[in-house]
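Below: the structure, in structure tokens.
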Amino acid sequence: MANFSKSQVPQFSVEVYQNEFLPEGGREVNAIVTVTSTGGGTTGGIPLADAAPAYGAGQGPGAAVVLMVDCSGSMDYPPTKMRNARDATAAAIDTLREGTQFAVVAGTHVAKDVYPGNGRLAVADARTKAQAKEALRKLSAGGGTAIGTWLRLADRLLNSADVSIRHGILLTDGRNEHESPEDLRAALDSCAGRFTCDARGVGTDWEVKEVTGIAAALLGTADIVADPAGLAADFTHMMENAMGKEVADVALRLWTPVGVEIRFVKQVAPTVADLTARRTEANARAGDYPTGSWGDESRDYHVCVLVPEAGIGQEMLAARVSLILPDPSGAGTPQTLSQGLVRAVWTDDMVASTSINPQVAHYTGQAELAQVIQQGLDARKSGDFDGATAKLGRAVQLASASGNQDTAKLLSKVVDVVDAATGTVRLKAKVAEADEMTLETRSTKTVRVKK
Amino acid sequence: MKMSQSHQQPALSKCPGCAEPPAAGDLFCGACGYDLSAVPGRPGDRPTMAITVPPAASGSEAVRWPAAAETDSSDVPAPVHRPSDLPGTDSGGRPLAEQVQQREQAQEPSAAAGQGAPVGPGPEPVGGPESSAVPVRHDDRAVPGGAEHSGDFALAAPDPRTAEHAAAAAAPAAGGKVCVACRSGRVDPDGYCENCGHAQPRERDHMEQELGSVAAVSDRGLRHHRNEDSFAVSSTALPDGSPAVVAIVCDGVSSASRPDEASAAAASAANESLLESLPRGTHPQQAMHEAIVAASEAVNALAQEPAGAMEHDAHRHQNAPACTLVGAVMAGELLIVGWVGDSRVYWVPEDRSRPTARLTEDDSWAAQMVAAGLMNEAEAYADERAHAITGWLGADAYELEPHTAAFKPDRPGLVVVCTDGLWNYAESAEEMAAAVPADAQEHPLRGAQVLVGHALDGGGHDNVTVALLPFAVRPQGAGSACETV
């Protein structure tokens, strides 16, 4: 039965990697903040008072998942695509933890909840899972694509449940053709912070920036499933990941003293995501950046601030980074899970002030890698082959120097590498569309520093 | 006459840094190290008005003084003093001779020099309303709650290094400590200001100790963010009952990790070793040798401990903690010195017409060059490698070579034990003797304070630590002031 003595909420630890030494007149302070959450109930940690409602029997935190499956007409070409999507969704349903609330949405130019179909969520057990899979068989392809409507329905369904973790899984095979980009943008804005969502593009007829945009706005992952046969494994993996989430709505709070300017705040591992513009002011000196929900995992953030100049020998706190959990009632003070300090110390020791912290250097390179891949592919699409060669050459150089094997492998399908160390490459004359889309979708994936 | 002097010369009834009442003639606050000699400047852009408060108006609604702080920074009830309550006392707590006071007042302005001396922690200056009988000057800045101006000195200007103190007047600061930099933010538990983020002075930024006939002062200086020097002074008795006095000074090697911990460990280990071996009758020179070995072991042991969890500073990780050590022991008629590294001992005879001397030979690149006859002293010390040390305490030292020497002074004098933070500004024995105040033999603490002030006036590029041991040929001639503790 329920084990109330164990905390189900993970423990967070924050570590700061930086070179705090600045030369005279130095203002820019860079730090890599590594946030690690360790599974609740296993570390003998301190329970978070009032943060988590008492969970039902053997359920872990209350979770709700909505699966959004593209049922537009293009899903029938080839017919295996629809069948694979059905199978993948069924596999995902099998992975649902007992007690999790769920629904399946069939998406076309309109959204329809095909299971349970009463505008509510079903509670996962053997019977409801079987019913859901039965309902999947009735799915057929036909109609257009308006992803914004799918997201809005998912939002309505997820927020009808009193749970702490709300997650969506979205599968599409085509462009969002039956609503304006503004409609999708508005839907994403209204859903942001209300649930998290992983997005997958199947085949090669979808728009990379649409899918990655959905995942970025809703703090989930984006990926390509070029071969529909791989869908089931990917869906199972995604659902396991979602089931592993134990705490939602965690925010990265950045406190900075008077006169300090924030250059940027980026997630840099496992993927690059710029959070700078997503700040919400918490108080006069602090702002919150959303990080979504956390299970057992570790993420790295790059914080860059400009401090006011100070004399040699001075020391100041440039920023205080904390992980906070909003009060569930929305009224009380948020709970601070863990924190780290970013410091600035002015010194006339040139050796100290000119060295770059290896973590900062590494992630600066990884962020540039993601950027030059994007720029290189854009240049290639627009016919600027010289620009594309230069940018992708730089990408090859960065990927090889940082040991980012996965990205290097993807790059080698788009360019012929003459010399990785100098970044000398030739564009391949013929590139499979799936390879180019895979590279673009996964360009933000980073590797961590070799310890 | 005294009154008029107190107008020109800010006779502080309380330290502006921490509200501790200073002894008359102190150049630095004994509690927090605030540079009392620096006449606080007023912010130039704010109107200052002179007002005269009639004695009767004191305490009435004409001037509503907030209640004085009840405790100082160490939670000790803050005493309230009238200026006349504070008799001039010397560093030994004895009444001050009239001519000493006059000389002090003549000296103080020259020592001011506007240096940004370390600023002590604690609330705003607290002063008694009693002194409002004299003309007082206020600038128009709002006073944080729980603090008030003393009537007879101008409020210290906000630290000029502060980037922004526009909001300075805003936050009231009842309760917790107020930031010394912006004077408006509270200090958080990590030791940083909640408003401007500036690090607050730490205990080690300025340390003073006086013990019988030995005194030591250590200061962060003006260019380093923490004090990596350390010292230990103590006294004990030899088996025959005669007193023995010990002073140890250590300088952490900045390029190593945790130099502050290294110097503290070395100073305390050497001191403890001497306190253990001297009363047993070990020859003082042998005892000094053993003390250096003990200090070395203490520093080596630090290398095995992991650094703090928050410290991930790769380029400092590779070096084991390290420091220099210099020590002096006065035992009977013997003066023993011992050292590793480039911290020094100088001998300054009481009779300044007699020759002064440096008693140590640096383990440094410059000293080796000079010793090998490859360069003269001026050339060697002008070289950028001059300060590279060739001997130190630490796990990565090549081979520990403790140097010791014994002297039998035939006349009274002063033993100056110091780090390069001081001798950089008084390298030769003659320069050091010139920097030592004439009365340092009687008032070693004040002498040490003046020497630290000398280094700060010179630029304070490094941490400064100095210990003074007045050496008396006839024990009873050591200056009665020093015997009262």
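All residue names refer to the structure tokens as shown: chains lettered A, B, ... in order, residues numbered from 1 in each chain, ligands numbered from 1 in order.
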Exercise for review: Fewer than 2 positions away in the same chain doesn't count, so skip those; otherwise give me all residues within 12 Å of Ala361 in chain A, counting only C-alpha atoms, as a ChimeraX atom specification.
Suggested key: /A:17-19,30-32,268,302,355-359,363-368,398,401-402,448-449
Go ahead and write the selection's residues with C-alpha atoms as an mmCIF file, in the first residue's frame.
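File result.cif, as written:
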```cif
data_model
loop_
_atom_site.group_PDB
_atom_site.id
_atom_site.type_symbol
_atom_site.label_atom_id
_atom_site.label_comp_id
_atom_site.auth_asym_id
_atom_site.auth_seq_id
_atom_site.Cartn_x
_atom_site.Cartn_y
_atom_site.Cartn_z
ATOM 1 C CA TYR A 17 31.827 25.672 -12.534
ATOM 2 C CA GLN A 18 33.484 28.989 -13.245
ATOM 3 C CA ASN A 19 36.682 30.991 -13.252
ATOM 4 C CA ASN A 30 30.500 33.048 -17.103
ATOM 5 C CA ALA A 31 29.439 30.007 -15.167
ATOM 6 C CA ILE A 32 28.181 26.548 -15.954
ATOM 7 C CA VAL A 268 23.454 23.649 -22.657
ATOM 8 C CA HIS A 302 25.280 28.457 -18.953
ATOM 9 C CA SER A 355 42.279 31.229 -17.955
ATOM 10 C CA ILE A 356 38.921 29.983 -19.164
ATOM 11 C CA ASN A 357 37.064 27.407 -17.170
ATOM 12 C CA PRO A 358 37.053 24.159 -19.195
ATOM 13 C CA GLN A 359 33.305 23.680 -18.709
ATOM 14 C CA TYR A 363 29.707 24.597 -23.687
ATOM 15 C CA THR A 364 30.523 27.828 -25.475
ATOM 16 C CA GLY A 365 31.789 25.537 -28.237
ATOM 17 C CA GLN A 366 28.701 23.298 -28.097
ATOM 18 C CA ALA A 367 26.373 26.285 -28.357
ATOM 19 C CA GLU A 368 28.353 27.568 -31.320
ATOM 20 C CA LEU A 398 33.882 21.945 -33.227
ATOM 21 C CA ALA A 401 37.390 18.899 -31.048
ATOM 22 C CA SER A 402 34.703 18.431 -28.402
ATOM 23 C CA ARG A 448 29.265 16.824 -21.609
ATOM 24 C CA VAL A 449 32.816 17.630 -20.724
#
```
Once you count only C-alpha atoms, what closest atom pair and distance in Å to one decimal does each residue of chain A within 10 Å of chain B have, with rows by chain and rising residue number, as JSON lines?
```
{"residue": "A:Val14", "atom": "CA", "partner": "B:Met310", "partner_atom": "CA", "distance": 9.1}
{"residue": "A:Glu15", "atom": "CA", "partner": "B:Met310", "partner_atom": "CA", "distance": 6.5}
{"residue": "A:Val16", "atom": "CA", "partner": "B:Met310", "partner_atom": "CA", "distance": 6.7}
{"residue": "A:Tyr17", "atom": "CA", "partner": "B:His312", "partner_atom": "CA", "distance": 5.7}
{"residue": "A:Gln18", "atom": "CA", "partner": "B:Asp313", "partner_atom": "CA", "distance": 6.7}
{"residue": "A:Asn19", "atom": "CA", "partner": "B:Asp313", "partner_atom": "CA", "distance": 6.3}
{"residue": "A:Glu20", "atom": "CA", "partner": "B:Asp313", "partner_atom": "CA", "distance": 8.4}
{"residue": "A:Trp255", "atom": "CA", "partner": "B:Glu194", "partner_atom": "CA", "distance": 9.4}
{"residue": "A:Thr256", "atom": "CA", "partner": "B:Gly197", "partner_atom": "CA", "distance": 7.6}
{"residue": "A:Pro257", "atom": "CA", "partner": "B:Cys196", "partner_atom": "CA", "distance": 4.7}
{"residue": "A:Val258", "atom": "CA", "partner": "B:Cys196", "partner_atom": "CA", "distance": 4.9}
{"residue": "A:Gly259", "atom": "CA", "partner": "B:Glu164", "partner_atom": "CA", "distance": 7.0}
{"residue": "A:Val260", "atom": "CA", "partner": "B:Cys196", "partner_atom": "CA", "distance": 8.7}
{"residue": "A:Arg285", "atom": "CA", "partner": "B:Asn195", "partner_atom": "CA", "distance": 8.1}
{"residue": "A:Val307", "atom": "CA", "partner": "B:Ala163", "partner_atom": "CA", "distance": 9.3}
{"residue": "A:Pro308", "atom": "CA", "partner": "B:Ala163", "partner_atom": "CA", "distance": 6.1}
{"residue": "A:Glu309", "atom": "CA", "partner": "B:Ala163", "partner_atom": "CA", "distance": 7.0}
{"residue": "A:Ala310", "atom": "CA", "partner": "B:Arg161", "partner_atom": "CA", "distance": 6.2}
{"residue": "A:Gly311", "atom": "CA", "partner": "B:Arg161", "partner_atom": "CA", "distance": 6.6}
{"residue": "A:Ile312", "atom": "CA", "partner": "B:Arg223", "partner_atom": "CA", "distance": 5.1}
{"residue": "A:Gly313", "atom": "CA", "partner": "B:His224", "partner_atom": "CA", "distance": 4.0}
{"residue": "A:Gln314", "atom": "CA", "partner": "B:His225", "partner_atom": "CA", "distance": 5.4}
{"residue": "A:Glu315", "atom": "CA", "partner": "B:Ala199", "partner_atom": "CA", "distance": 5.3}
{"residue": "A:Met316", "atom": "CA", "partner": "B:His198", "partner_atom": "CA", "distance": 4.0}
{"residue": "A:Leu317", "atom": "CA", "partner": "B:Gly197", "partner_atom": "CA", "distance": 4.7}
{"residue": "A:Ala318", "atom": "CA", "partner": "B:Gly197", "partner_atom": "CA", "distance": 6.5}
{"residue": "A:Ala319", "atom": "CA", "partner": "B:Gly197", "partner_atom": "CA", "distance": 8.0}
{"residue": "A:Arg320", "atom": "CA", "partner": "B:Gly197", "partner_atom": "CA", "distance": 9.6}
{"residue": "A:Gly340", "atom": "CA", "partner": "B:Met310", "partner_atom": "CA", "distance": 8.0}
{"residue": "A:Leu341", "atom": "CA", "partner": "B:Met310", "partner_atom": "CA", "distance": 8.5}
{"residue": "A:Arg343", "atom": "CA", "partner": "B:Gly197", "partner_atom": "CA", "distance": 9.1}
{"residue": "A:Ala344", "atom": "CA", "partner": "B:His198", "partner_atom": "CA", "distance": 9.3}
{"residue": "A:Val345", "atom": "CA", "partner": "B:His225", "partner_atom": "CA", "distance": 6.8}
{"residue": "A:Trp346", "atom": "CA", "partner": "B:His225", "partner_atom": "CA", "distance": 7.5}
{"residue": "A:Thr347", "atom": "CA", "partner": "B:His224", "partner_atom": "CA", "distance": 6.8}
{"residue": "A:Asp348", "atom": "CA", "partner": "B:Arg223", "partner_atom": "CA", "distance": 7.8}
{"residue": "A:Asp349", "atom": "CA", "partner": "B:Ser255", "partner_atom": "CA", "distance": 9.2}
{"residue": "A:Val351", "atom": "CA", "partner": "B:Ser255", "partner_atom": "CA", "distance": 9.1}
{"residue": "A:Ala352", "atom": "CA", "partner": "B:His315", "partner_atom": "CA", "distance": 7.9}
{"residue": "A:Ser355", "atom": "CA", "partner": "B:His315", "partner_atom": "CA", "distance": 7.9}
{"residue": "A:Ile356", "atom": "CA", "partner": "B:His315", "partner_atom": "CA", "distance": 9.3}
{"residue": "A:Asn357", "atom": "CA", "partner": "B:Ala314", "partner_atom": "CA", "distance": 7.1}
{"residue": "A:Pro358", "atom": "CA", "partner": "B:Ala314", "partner_atom": "CA", "distance": 7.8}
{"residue": "A:Gln359", "atom": "CA", "partner": "B:Ala314", "partner_atom": "CA", "distance": 9.8}
```
Point to revise | range 187-382 of chain A: residues DSSP assigns to helix (DSSP H, G or I), reported as a VMD selection string | key: chain A and resid 187 to 191 208 to 217 228 to 243 276 to 278 350 to 354 358 to 381
Review point. Counting only C-alpha atoms, what is within 7 Å of range 391-401 of chain B, bar same-chain residues fewer than 4 positions away, as a PyMOL selection string?
Key: chain B and resi 296+299-300+303+320-324+340-341+363
Keeping N, CA and C atoms, export the residues of the selection given above as an mmCIF file, in the first residue's frame.
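Wrote it out as selection21.cif, contents follow:
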```
data_model
loop_
_atom_site.group_PDB
_atom_site.id
_atom_site.type_symbol
_atom_site.label_atom_id
_atom_site.label_comp_id
_atom_site.auth_asym_id
_atom_site.auth_seq_id
_atom_site.Cartn_x
_atom_site.Cartn_y
_atom_site.Cartn_z
ATOM 1 N N SER B 296 55.439 21.970 8.484
ATOM 2 C CA SER B 296 55.485 21.376 7.150
ATOM 3 C C SER B 296 54.542 20.176 7.057
ATOM 4 N N VAL B 299 50.959 21.305 6.784
ATOM 5 C CA VAL B 299 50.584 21.786 5.447
ATOM 6 C C VAL B 299 50.480 20.605 4.480
ATOM 7 N N ASN B 300 51.412 19.660 4.601
ATOM 8 C CA ASN B 300 51.338 18.483 3.728
ATOM 9 C C ASN B 300 50.011 17.756 3.902
ATOM 10 N N ALA B 303 47.021 18.645 1.747
ATOM 11 C CA ALA B 303 46.963 18.234 0.342
ATOM 12 C C ALA B 303 46.072 17.014 0.176
ATOM 13 N N ALA B 320 49.333 21.676 -4.577
ATOM 14 C CA ALA B 320 49.061 21.382 -3.178
ATOM 15 C C ALA B 320 49.167 22.681 -2.380
ATOM 16 N N PRO B 321 48.388 22.803 -1.305
ATOM 17 C CA PRO B 321 48.474 24.007 -0.482
ATOM 18 C C PRO B 321 49.921 24.233 -0.021
ATOM 19 N N ALA B 322 50.339 25.495 -0.013
ATOM 20 C CA ALA B 322 51.731 25.797 0.337
ATOM 21 C C ALA B 322 51.812 27.164 1.004
ATOM 22 N N CYS B 323 52.878 27.373 1.812
ATOM 23 C CA CYS B 323 53.081 28.675 2.433
ATOM 24 C C CYS B 323 54.544 28.811 2.865
ATOM 25 N N THR B 324 54.917 30.048 3.183
ATOM 26 C CA THR B 324 56.227 30.296 3.781
ATOM 27 C C THR B 324 56.045 30.299 5.292
ATOM 28 N N VAL B 340 61.449 29.341 6.288
ATOM 29 C CA VAL B 340 61.443 28.676 4.986
ATOM 30 C C VAL B 340 60.684 29.618 4.066
ATOM 31 N N GLY B 341 61.316 30.025 2.972
ATOM 32 C CA GLY B 341 60.640 30.941 2.060
ATOM 33 C C GLY B 341 61.178 32.347 2.179
ATOM 34 N N ASP B 363 64.612 32.295 0.757
ATOM 35 C CA ASP B 363 64.652 31.197 -0.224
ATOM 36 C C ASP B 363 63.965 31.731 -1.465
#
```
Practice item. Would you work out the distance separating CA of Ser364 in chain B from CA of Arg344 in chain B, expressed in Å to one decimal? Key: 11.7 Å
Point to revise | B:Val329, B:Ala367, B:Ala388, B:Ala372 ranked by distance to Lys408 in chain B, top pick (using only C-alpha atoms) | key: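 Looking at the shortest contact to Lys408 in chain B, the residue is B:Val329.
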Practice item. Select from range 300-403 of chain B everything DSSP, run on the backbone, classes as strand (DSSP E), then give the selection as a ChimeraX atom specification. Key: /B:322-331,334-340,344-349,357-358,393-394,403
Point to revise | Nearest to Asp94 in chain A, chosen from A:Phe21, A:Phe235, A:Trp150, A:Trp206, with only C-alpha atoms counted in the distances | key: A:Phe235
Write out as a PDB file with C-alpha atoms, in the first residue's frame which residues come within 9 Å of range 156-172 of chain A when counting only C-alpha atoms, dropping same-chain ones fewer than 4 positions away.
```pdb
ATOM      1  CA  ALA A  52       3.623  16.867  -3.242  1.00  0.00           C
ATOM      2  CA  PRO A  53       0.091  15.727  -2.566  1.00  0.00           C
ATOM      3  CA  PRO A  61       3.239  11.477  -8.322  1.00  0.00           C
ATOM      4  CA  GLY A  62      -0.100  11.975 -10.031  1.00  0.00           C
ATOM      5  CA  ALA A  63       0.560  12.129 -13.740  1.00  0.00           C
ATOM      6  CA  ALA A  64      -1.547  12.689 -16.826  1.00  0.00           C
ATOM      7  CA  VAL A  65      -0.478  12.039 -20.420  1.00  0.00           C
ATOM      8  CA  VAL A  66      -2.192  12.904 -23.678  1.00  0.00           C
ATOM      9  CA  LEU A  67      -1.061  11.223 -26.885  1.00  0.00           C
ATOM     10  CA  MET A  68      -1.640  13.337 -29.999  1.00  0.00           C
ATOM     11  CA  VAL A  69      -1.509  11.278 -33.187  1.00  0.00           C
ATOM     12  CA  ASP A  70      -1.513  12.870 -36.621  1.00  0.00           C
ATOM     13  CA  CYS A  71      -4.418  11.411 -38.622  1.00  0.00           C
ATOM     14  CA  SER A  72      -4.179  13.746 -41.614  1.00  0.00           C
ATOM     15  CA  MET A  75      -0.557   9.514 -42.981  1.00  0.00           C
ATOM     16  CA  ALA A  85       1.636   5.248 -35.682  1.00  0.00           C
ATOM     17  CA  GLN A 101      -4.546   9.397 -16.315  1.00  0.00           C
ATOM     18  CA  PHE A 102      -4.443   9.439 -20.085  1.00  0.00           C
ATOM     19  CA  ALA A 103      -6.242  10.213 -23.309  1.00  0.00           C
ATOM     20  CA  GLY A 107      -5.333  15.222 -34.918  1.00  0.00           C
ATOM     21  CA  ASP A 113     -10.361  12.865 -28.341  1.00  0.00           C
ATOM     22  CA  GLY A 119     -13.802  15.152 -22.683  1.00  0.00           C
ATOM     23  CA  ARG A 120     -12.127  13.588 -19.647  1.00  0.00           C
ATOM     24  CA  LEU A 121      -9.134  11.420 -18.954  1.00  0.00           C
ATOM     25  CA  THR A 145      -3.153  19.443 -40.149  1.00  0.00           C
ATOM     26  CA  ILE A 147      -1.494  21.323 -34.608  1.00  0.00           C
ATOM     27  CA  TRP A 150      -4.521  19.448 -30.956  1.00  0.00           C
ATOM     28  CA  LEU A 151      -2.512  21.268 -28.313  1.00  0.00           C
ATOM     29  CA  ARG A 152      -5.489  23.251 -27.077  1.00  0.00           C
ATOM     30  CA  ASN A 176       1.022  22.659 -40.110  1.00  0.00           C
ATOM     31  CA  ARG A 194       0.656  24.251 -18.308  1.00  0.00           C
ATOM     32  CA  PHE A 195       2.052  20.999 -19.622  1.00  0.00           C
ATOM     33  CA  THR A 196       5.262  19.684 -21.148  1.00  0.00           C
ATOM     34  CA  CYS A 197       5.320  18.039 -24.561  1.00  0.00           C
ATOM     35  CA  ASP A 198       7.655  15.870 -26.619  1.00  0.00           C
ATOM     36  CA  ALA A 199       7.270  16.235 -30.380  1.00  0.00           C
ATOM     37  CA  ARG A 200       8.197  13.762 -33.111  1.00  0.00           C
ATOM     38  CA  GLY A 201       8.258  14.129 -36.851  1.00  0.00           C
ATOM     39  CA  VAL A 202       7.734  10.957 -38.827  1.00  0.00           C
ATOM     40  CA  GLY A 203       8.937  10.645 -42.424  1.00  0.00           C
ATOM     41  CA  TRP A 206       7.350  17.872 -41.899  1.00  0.00           C
ATOM     42  CA  VAL A 211       8.507  20.467 -34.439  1.00  0.00           C
ATOM     43  CA  GLY A 220      10.130  18.718 -24.181  1.00  0.00           C
ATOM     44  CA  PHE A 235       7.268   6.049 -28.222  1.00  0.00           C
ATOM     45  CA  MET A 238       9.416   8.688 -24.547  1.00  0.00           C
ATOM     46  CA  MET A 239       6.671   7.334 -22.332  1.00  0.00           C
ATOM     47  CA  ALA A 242       7.579  10.806 -19.008  1.00  0.00           C
ATOM     48  CA  LYS A 245       9.206  12.548 -14.085  1.00  0.00           C
ATOM     49  CA  GLU A 246       8.613  13.190 -10.434  1.00  0.00           C
ATOM     50  CA  VAL A 247       8.324  16.913 -10.017  1.00  0.00           C
ATOM     51  CA  ALA A 248       6.907  19.515 -12.390  1.00  0.00           C
ATOM     52  CA  ASP A 249       7.178  23.259 -12.885  1.00  0.00           C
ATOM     53  CA  SER A 293       9.541  18.594 -15.049  1.00  0.00           C
ATOM     54  CA  PRO A 328       1.120  24.185  -5.237  1.00  0.00           C
TER      55      PRO A 328
END
```
Exercise for review: Please provide as a ChimeraX atom specification all residues within 9 Å of range 246-248 of chain B, with the sequence filter that same-chain residues fewer than 2 positions apart are discarded (counting only C-alpha atoms).
Suggested key: /B:214-216,230-236,244,250,266-268,270-271,274-275,325-331,417,467-469
Exercise for review: Quick one: everything within 9 Å of Ser218 in chain B, counting only C-alpha atoms, minus sequence neighbours fewer than 4 positions away in the same chain. Send it as a list of chain:residue names.
Suggested key: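 My reading of the contact set: B:Arg204, B:Asp205, B:His206, B:Met207, B:Glu208, B:Asn227, B:Asp229, B:Ser230, B:Phe231, B:Ala448, B:Gln449, B:Val452, B:Asn463, B:Val464, B:Thr465, B:Val466, B:Ala467.
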Take the residues from that selection and put them in a file with N, CA and C atoms, as a JSON list (two decimals), in the first residue's frame.
```
[["chain", "number", "residue", "atom", "x", "y", "z"],
["B", 204, "ARG", "N", 39.37, 37.25, 8.89],
["B", 204, "ARG", "CA", 40.81, 37.22, 8.62],
["B", 204, "ARG", "C", 41.29, 38.44, 7.85],
["B", 205, "ASP", "N", 40.38, 39.28, 7.34],
["B", 205, "ASP", "CA", 40.83, 40.43, 6.57],
["B", 205, "ASP", "C", 41.75, 41.32, 7.39],
["B", 206, "HIS", "N", 41.46, 41.43, 8.66],
["B", 206, "HIS", "CA", 42.34, 42.21, 9.53],
["B", 206, "HIS", "C", 42.34, 41.56, 10.91],
["B", 207, "MET", "N", 43.52, 41.15, 11.34],
["B", 207, "MET", "CA", 43.61, 40.48, 12.64],
["B", 207, "MET", "C", 44.69, 41.18, 13.46],
["B", 208, "GLU", "N", 44.43, 41.31, 14.74],
["B", 208, "GLU", "CA", 45.44, 41.88, 15.63],
["B", 208, "GLU", "C", 45.48, 41.04, 16.89],
["B", 227, "ASN", "N", 42.80, 37.45, 2.82],
["B", 227, "ASN", "CA", 44.08, 37.44, 3.53],
["B", 227, "ASN", "C", 44.59, 36.01, 3.60],
["B", 229, "ASP", "N", 47.74, 35.43, 4.58],
["B", 229, "ASP", "CA", 48.76, 35.39, 5.61],
["B", 229, "ASP", "C", 48.14, 34.88, 6.91],
["B", 230, "SER", "N", 49.00, 34.45, 7.80],
["B", 230, "SER", "CA", 48.51, 34.06, 9.12],
["B", 230, "SER", "C", 49.65, 34.25, 10.11],
["B", 231, "PHE", "N", 49.31, 34.34, 11.37],
["B", 231, "PHE", "CA", 50.36, 34.45, 12.39],
["B", 231, "PHE", "C", 49.91, 33.74, 13.66],
["B", 448, "ALA", "N", 53.19, 47.70, 15.29],
["B", 448, "ALA", "CA", 52.81, 46.78, 14.21],
["B", 448, "ALA", "C", 51.73, 47.42, 13.33],
["B", 449, "GLN", "N", 50.81, 48.14, 13.97],
["B", 449, "GLN", "CA", 49.75, 48.82, 13.21],
["B", 449, "GLN", "C", 50.37, 49.86, 12.27],
["B", 452, "VAL", "N", 51.95, 48.11, 9.30],
["B", 452, "VAL", "CA", 50.95, 47.69, 8.32],
["B", 452, "VAL", "C", 50.46, 48.90, 7.54],
["B", 463, "ASN", "N", 49.03, 40.83, 0.89],
["B", 463, "ASN", "CA", 48.63, 40.73, 2.29],
["B", 463, "ASN", "C", 49.83, 41.17, 3.13],
["B", 464, "VAL", "N", 49.56, 41.82, 4.26],
["B", 464, "VAL", "CA", 50.63, 42.35, 5.11],
["B", 464, "VAL", "C", 50.49, 41.73, 6.49],
["B", 465, "THR", "N", 51.57, 41.15, 6.99],
["B", 465, "THR", "CA", 51.54, 40.63, 8.34],
["B", 465, "THR", "C", 52.86, 40.97, 9.02],
["B", 466, "VAL", "N", 52.78, 41.47, 10.24],
["B", 466, "VAL", "CA", 53.99, 41.79, 10.98],
["B", 466, "VAL", "C", 53.77, 41.49, 12.46],
["B", 467, "ALA", "N", 54.80, 40.88, 13.05],
["B", 467, "ALA", "CA", 54.80, 40.67, 14.50],
["B", 467, "ALA", "C", 56.01, 41.40, 15.07]]
```
Practice item. Just the residues within 12 Å of Glu433 in chain A, please, counting only C-alpha atoms, with nothing from its chain fewer than 5 positions along; format it as a PyMOL selection string. Key: chain A and resi 203-208+224+226+377+381+413-414+438-440
